[in-house]
Amino acid sequence: MSRVIIIGCGGVAQVAIHKCCQLDDVFTDLCIASRTVSKCDKIKKDLEGKTKTNITTKQIDANDFNALVELFHSFKPEIVMNLGMPYQNLIIMDACLEFGCHYLDTAAYEPEDVNEPVWRERYEKRVKEKGFTAYFDYSYQWEYKKKFEEKGLIALLGCGFDPGVSQAYVAYAAKHEFDRIDTIDILDCNGGDHGYPFATNFNPEINLREVSSDGAYYEDGKWHKVPAMSIHGKYNFDGVGEKDIYLLHHEEIESIAKNYPEIKRIRFYMTFGESYIKHMTCLENVGMLGTKAIEFEGKKIIPIQFLKALLPDPASLGPRTVGKTNIGCIFKGVKDGKEKTYYIYNVCDHQESYKEVGSQAVSYTTGVPAMCGALMILKGYWTTPGANTVEIYNPDPFIEALDKYGLPKRESYNPVMVD
Ligand code: NDP
């Protein structure tokens, strides 16, 4: 018997809502609260008669702390799943502390306005000291560790696939496969085709900010910054075939490096098609990825937000996306005195995801781990309080839940290495 609030009702949230409703003996009462309440009402209607979960909906602006606290007091959730935007992570964490409930999200905090002076000063300092330029980093949310510990509550940070399952794979490999891990390559392949010349598979603003930033990897205790998309190659993915891979900075590198300081190198690669790169480069060159407001016909417009309004809604790509995703980690290290390699990954089919929950596989591979993360907390498998990323918890029950609820692992003991 658990009471849960989901904030946001986009691609990822819609999958998590479906999956929570499949486990209606655990997720007995669900409140879907988002900016556009008609989306919440629609999914509630779609699920009527298909689940015993008691669903309520609520319009909310997650920037409004008082409205959040009021909602939490009236609904009394055990956990709030923040599946909206990472811009509101801190305010929702504050509201969870104020009310006294657990928290979960799928992406590290970054500010909406990257030119805000106080944030900017701290950002510039971090770029200088650490050497990676992404707008997101975990430092803001790790600062909540003590506050959550003192209240005996969990803030589970980044519990999608990557971040999320990728870190559970690291914890699993460290527990079962290696005495020492030397290198990790996280590979995120989307072999799906939606038929549009250009669209993003999750929130366009977050996706384009991430992909157009400098790349970075971690080696020998240091960050190594490289120009965006400058390190690339090819990899032949199980279930998908050969794809172009590009090195990106990604948030879980930061937490894995912190929690496993002995690992010598951690890199993250994502696949992109030619058409995506061509469009993104062009949009960047003409200033459409800008995050600073410009004046247009007497109105202030943020270019990347205007672009988001033009692009297909990721939640609408489900019916037209075919193909598969393949996301996982390749490890090199030592077991029982011998060198070994190991690859653990999941292959997810866009159309099968659509048939099951009405969404494409990128939303599916994020929404299912979010539900499984909440399940770990609600069922008492994960109890360590604090603001923590996934790799600090026992990976076994989480990976078992993923196997059972739609994202089964595959393993290879003789993988082709990236290089
Ligand atoms: P969408 O843009 O599809 O959905 C975002 C939702 O949040 C929308 O329903 C939106 O409302 C709502 N929202 C935005 N601002 C507010 C606000 N101020 N108050 C209340 N609700 C708000 O995004 P996705 O579902 O694709 O992505 C969700 C999150 O998941 C993102 O943070 C993304 O970075 C993350 N993600 C993580 C992955 C992982 O593997 N870890 C992979 C993919 C995504 P409205 O309907 O009005 O627009």
# chains A, B, ... in the order shown; residues from 1 in each chain; ligands from 1
>>> residues_near_ligand(ligand="ligand 1", cutoff="6 Å", atoms="only C-alpha atoms and all ligand atoms", output="CSV table (one decimal) with C-alpha atoms, in the first residue's frame")
chain,number,residue,atom,x,y,z
A,8,GLY,CA,5.6,15.7,-15.0
A,9,CYS,CA,3.5,13.9,-17.6
A,10,GLY,CA,5.8,13.7,-20.6
A,11,GLY,CA,7.4,10.7,-22.4
A,12,VAL,CA,9.2,9.3,-19.4
A,13,ALA,CA,6.5,9.9,-16.9
A,34,SER,CA,2.1,18.4,-14.0
A,35,ARG,CA,2.0,21.7,-15.7
A,36,THR,CA,-0.6,20.7,-18.3
A,60,ILE,CA,1.1,22.1,-10.6
A,61,ASP,CA,4.0,24.5,-11.4
A,62,ALA,CA,7.0,22.7,-9.9
A,63,ASN,CA,8.7,26.1,-9.5
A,83,LEU,CA,9.9,13.0,-13.9
A,84,GLY,CA,9.6,16.5,-15.2
A,85,MET,CA,12.6,18.8,-15.9
A,86,PRO,CA,15.9,18.7,-14.0
A,106,THR,CA,16.2,10.8,-13.6
A,107,ALA,CA,18.6,13.6,-14.5
A,158,GLY,CA,19.4,9.8,-11.6
A,159,CYS,CA,17.3,6.6,-11.7
A,160,GLY,CA,16.6,6.2,-15.4
A,161,PHE,CA,18.7,4.0,-17.7
A,162,ASP,CA,21.8,6.2,-18.1
A,163,PRO,CA,22.2,7.6,-15.5
A,164,GLY,CA,20.6,4.9,-13.4
A,202,PHE,CA,13.6,12.8,-25.0
A,203,ASN,CA,13.1,16.4,-23.9
A,206,ILE,CA,17.9,18.8,-22.2
A,314,PRO,CA,9.1,13.0,-27.9
A,315,ALA,CA,5.9,11.5,-26.3
A,366,THR,CA,13.9,5.6,-18.6
>>> select_by_dssp(residues="stretch 205-320 of chain A", states="helix (DSSP H, G or I)", output="PyMOL selection string")
chain A and resi 205-212+251-259+274-285+303-310+314-316+318-320
>>> select_by_dssp(residues="stretch 83-329 of chain A", states="strand (DSSP E)", output="MDAnalysis selection string")
chainID A and resid 102:105 154:157 180:190 215:219 222:226 232:237 241:248 265:271 294:296 299:301 324:329
>>> closest_residue(among="A:Arg209, A:Thr57, A:Gln351, A:Phe148", to="A:Pro111", atoms="only C-alpha atoms")
A:Arg209
>>> closest_residue(among="A:Ser363, A:Tyr135, A:Leu311, A:Lys292", to="A:Glu251", atoms="only C-alpha atoms")
A:Tyr135
>>> atom_distance(atom1="atom CA of A:Phe331", atom2="atom CA of A:Gly273")
25.5 Å
>>> atom_distance(atom1="atom CA of A:Ile330", atom2="atom CA of A:Ile344")
6.7 Å
>>> closest_residue(among="A:Met288, A:Leu378, A:Leu68, A:Ile256", to="A:Leu310", atoms="only C-alpha atoms")
A:Met288
>>> residues_around(residues="A:Ile377", least_positions_apart="2", cutoff="12 Å", atoms="only C-alpha atoms", output="number ranges by chain")
A: 2, 4, 26-27, 78-81, 101-104, 153-156, 159, 370-375, 379-385, 390, 393-394, 397-398
>>> write_last_selection(atoms="N, CA and C atoms", output="mmCIF file, in the first residue's frame")
data_model
loop_
_atom_site.group_PDB
_atom_site.id
_atom_site.type_symbol
_atom_site.label_atom_id
_atom_site.label_comp_id
_atom_site.auth_asym_id
_atom_site.auth_seq_id
_atom_site.Cartn_x
_atom_site.Cartn_y
_atom_site.Cartn_z
ATOM 1 N N SER A 2 1.041 1.888 -1.144
ATOM 2 C CA SER A 2 1.915 3.057 -1.173
ATOM 3 C C SER A 2 1.265 4.214 -1.910
ATOM 4 N N VAL A 4 2.054 7.594 -3.975
ATOM 5 C CA VAL A 4 3.178 8.105 -4.774
ATOM 6 C C VAL A 4 2.694 9.292 -5.604
ATOM 7 N N VAL A 26 1.385 -2.637 -5.174
ATOM 8 C CA VAL A 26 2.381 -1.792 -4.487
ATOM 9 C C VAL A 26 1.991 -0.314 -4.625
ATOM 10 N N PHE A 27 1.781 0.117 -5.877
ATOM 11 C CA PHE A 27 1.464 1.528 -6.138
ATOM 12 C C PHE A 27 -0.064 1.682 -6.069
ATOM 13 N N GLU A 78 4.540 8.713 0.066
ATOM 14 C CA GLU A 78 5.771 8.178 0.663
ATOM 15 C C GLU A 78 6.973 8.588 -0.188
ATOM 16 N N ILE A 79 6.723 8.729 -1.493
ATOM 17 C CA ILE A 79 7.807 9.148 -2.388
ATOM 18 C C ILE A 79 7.251 10.051 -3.482
ATOM 19 N N VAL A 80 8.064 11.037 -3.877
ATOM 20 C CA VAL A 80 7.735 11.887 -5.026
ATOM 21 C C VAL A 80 8.725 11.549 -6.136
ATOM 22 N N MET A 81 8.175 11.152 -7.292
ATOM 23 C CA MET A 81 9.036 10.849 -8.442
ATOM 24 C C MET A 81 9.022 12.076 -9.349
ATOM 25 N N CYS A 101 9.218 13.144 2.868
ATOM 26 C CA CYS A 101 9.027 11.941 2.040
ATOM 27 C C CYS A 101 10.272 11.728 1.176
ATOM 28 N N HIS A 102 10.356 10.522 0.610
ATOM 29 C CA HIS A 102 11.483 10.215 -0.272
ATOM 30 C C HIS A 102 11.331 10.957 -1.605
ATOM 31 N N TYR A 103 12.463 11.003 -2.349
ATOM 32 C CA TYR A 103 12.519 11.736 -3.627
ATOM 33 C C TYR A 103 13.257 10.884 -4.636
ATOM 34 N N LEU A 104 12.874 11.007 -5.913
ATOM 35 C CA LEU A 104 13.595 10.298 -6.994
ATOM 36 C C LEU A 104 13.559 11.173 -8.238
ATOM 37 N N LEU A 153 15.574 9.927 5.199
ATOM 38 C CA LEU A 153 14.907 9.835 3.887
ATOM 39 C C LEU A 153 15.927 9.607 2.777
ATOM 40 N N ILE A 154 15.430 9.078 1.661
ATOM 41 C CA ILE A 154 16.296 8.842 0.499
ATOM 42 C C ILE A 154 15.938 9.830 -0.607
ATOM 43 N N ALA A 155 16.967 10.460 -1.196
ATOM 44 C CA ALA A 155 16.800 11.158 -2.468
ATOM 45 C C ALA A 155 17.594 10.325 -3.472
ATOM 46 N N LEU A 156 16.890 9.581 -4.302
ATOM 47 C CA LEU A 156 17.559 8.703 -5.268
ATOM 48 C C LEU A 156 17.775 9.499 -6.552
ATOM 49 N N CYS A 159 17.713 8.020 -11.577
ATOM 50 C CA CYS A 159 17.323 6.608 -11.677
ATOM 51 C C CYS A 159 16.522 6.346 -12.957
ATOM 52 N N ALA A 370 12.822 4.067 -13.391
ATOM 53 C CA ALA A 370 12.287 5.002 -12.382
ATOM 54 C C ALA A 370 11.277 4.265 -11.510
ATOM 55 N N MET A 371 10.385 3.489 -12.140
ATOM 56 C CA MET A 371 9.411 2.714 -11.348
ATOM 57 C C MET A 371 10.151 1.711 -10.458
ATOM 58 N N CYS A 372 11.162 1.027 -11.032
ATOM 59 C CA CYS A 372 11.885 0.003 -10.245
ATOM 60 C C CYS A 372 12.646 0.640 -9.077
ATOM 61 N N GLY A 373 13.182 1.850 -9.272
ATOM 62 C CA GLY A 373 13.874 2.551 -8.182
ATOM 63 C C GLY A 373 12.908 2.870 -7.046
ATOM 64 N N ALA A 374 11.711 3.360 -7.419
ATOM 65 C CA ALA A 374 10.697 3.651 -6.390
ATOM 66 C C ALA A 374 10.319 2.363 -5.669
ATOM 67 N N LEU A 375 10.222 1.286 -6.443
ATOM 68 C CA LEU A 375 9.875 -0.021 -5.860
ATOM 69 C C LEU A 375 10.915 -0.468 -4.823
ATOM 70 N N LYS A 379 9.607 -1.040 -1.110
ATOM 71 C CA LYS A 379 9.643 -2.415 -0.594
ATOM 72 C C LYS A 379 10.742 -2.617 0.447
ATOM 73 N N GLY A 380 11.535 -1.564 0.693
ATOM 74 C CA GLY A 380 12.560 -1.647 1.729
ATOM 75 C C GLY A 380 13.825 -2.392 1.308
ATOM 76 N N TYR A 381 14.044 -2.571 -0.010
ATOM 77 C CA TYR A 381 15.315 -3.180 -0.449
ATOM 78 C C TYR A 381 16.462 -2.180 -0.335
ATOM 79 N N TRP A 382 16.152 -0.923 -0.585
ATOM 80 C CA TRP A 382 17.168 0.126 -0.486
ATOM 81 C C TRP A 382 16.770 1.054 0.669
ATOM 82 N N THR A 383 17.655 1.118 1.676
ATOM 83 C CA THR A 383 17.275 1.861 2.885
ATOM 84 C C THR A 383 18.288 2.943 3.282
ATOM 85 N N THR A 384 19.483 2.936 2.670
ATOM 86 C CA THR A 384 20.491 3.923 3.102
ATOM 87 C C THR A 384 19.998 5.339 2.821
ATOM 88 N N PRO A 385 19.800 6.153 3.865
ATOM 89 C CA PRO A 385 19.291 7.500 3.605
ATOM 90 C C PRO A 385 20.371 8.415 3.031
ATOM 91 N N VAL A 390 22.589 5.652 -7.847
ATOM 92 C CA VAL A 390 22.170 4.247 -7.816
ATOM 93 C C VAL A 390 23.292 3.271 -7.399
ATOM 94 N N TYR A 393 23.791 1.415 -3.921
ATOM 95 C CA TYR A 393 22.826 0.431 -3.403
ATOM 96 C C TYR A 393 23.102 -0.968 -3.966
ATOM 97 N N ASN A 394 22.560 -1.985 -3.247
ATOM 98 C CA ASN A 394 22.683 -3.372 -3.712
ATOM 99 C C ASN A 394 22.030 -3.505 -5.094
ATOM 100 N N PRO A 397 18.557 -6.741 -6.285
ATOM 101 C CA PRO A 397 17.091 -6.685 -6.406
ATOM 102 C C PRO A 397 16.626 -5.744 -7.514
ATOM 103 N N PHE A 398 17.407 -4.715 -7.782
ATOM 104 C CA PHE A 398 17.054 -3.744 -8.837
ATOM 105 C C PHE A 398 17.156 -4.412 -10.212
#
>>> closest_residue(among="A:Lys308, A:Lys76, A:Arg122, A:Arg267", to="A:Glu252", atoms="only C-alpha atoms")
A:Arg267
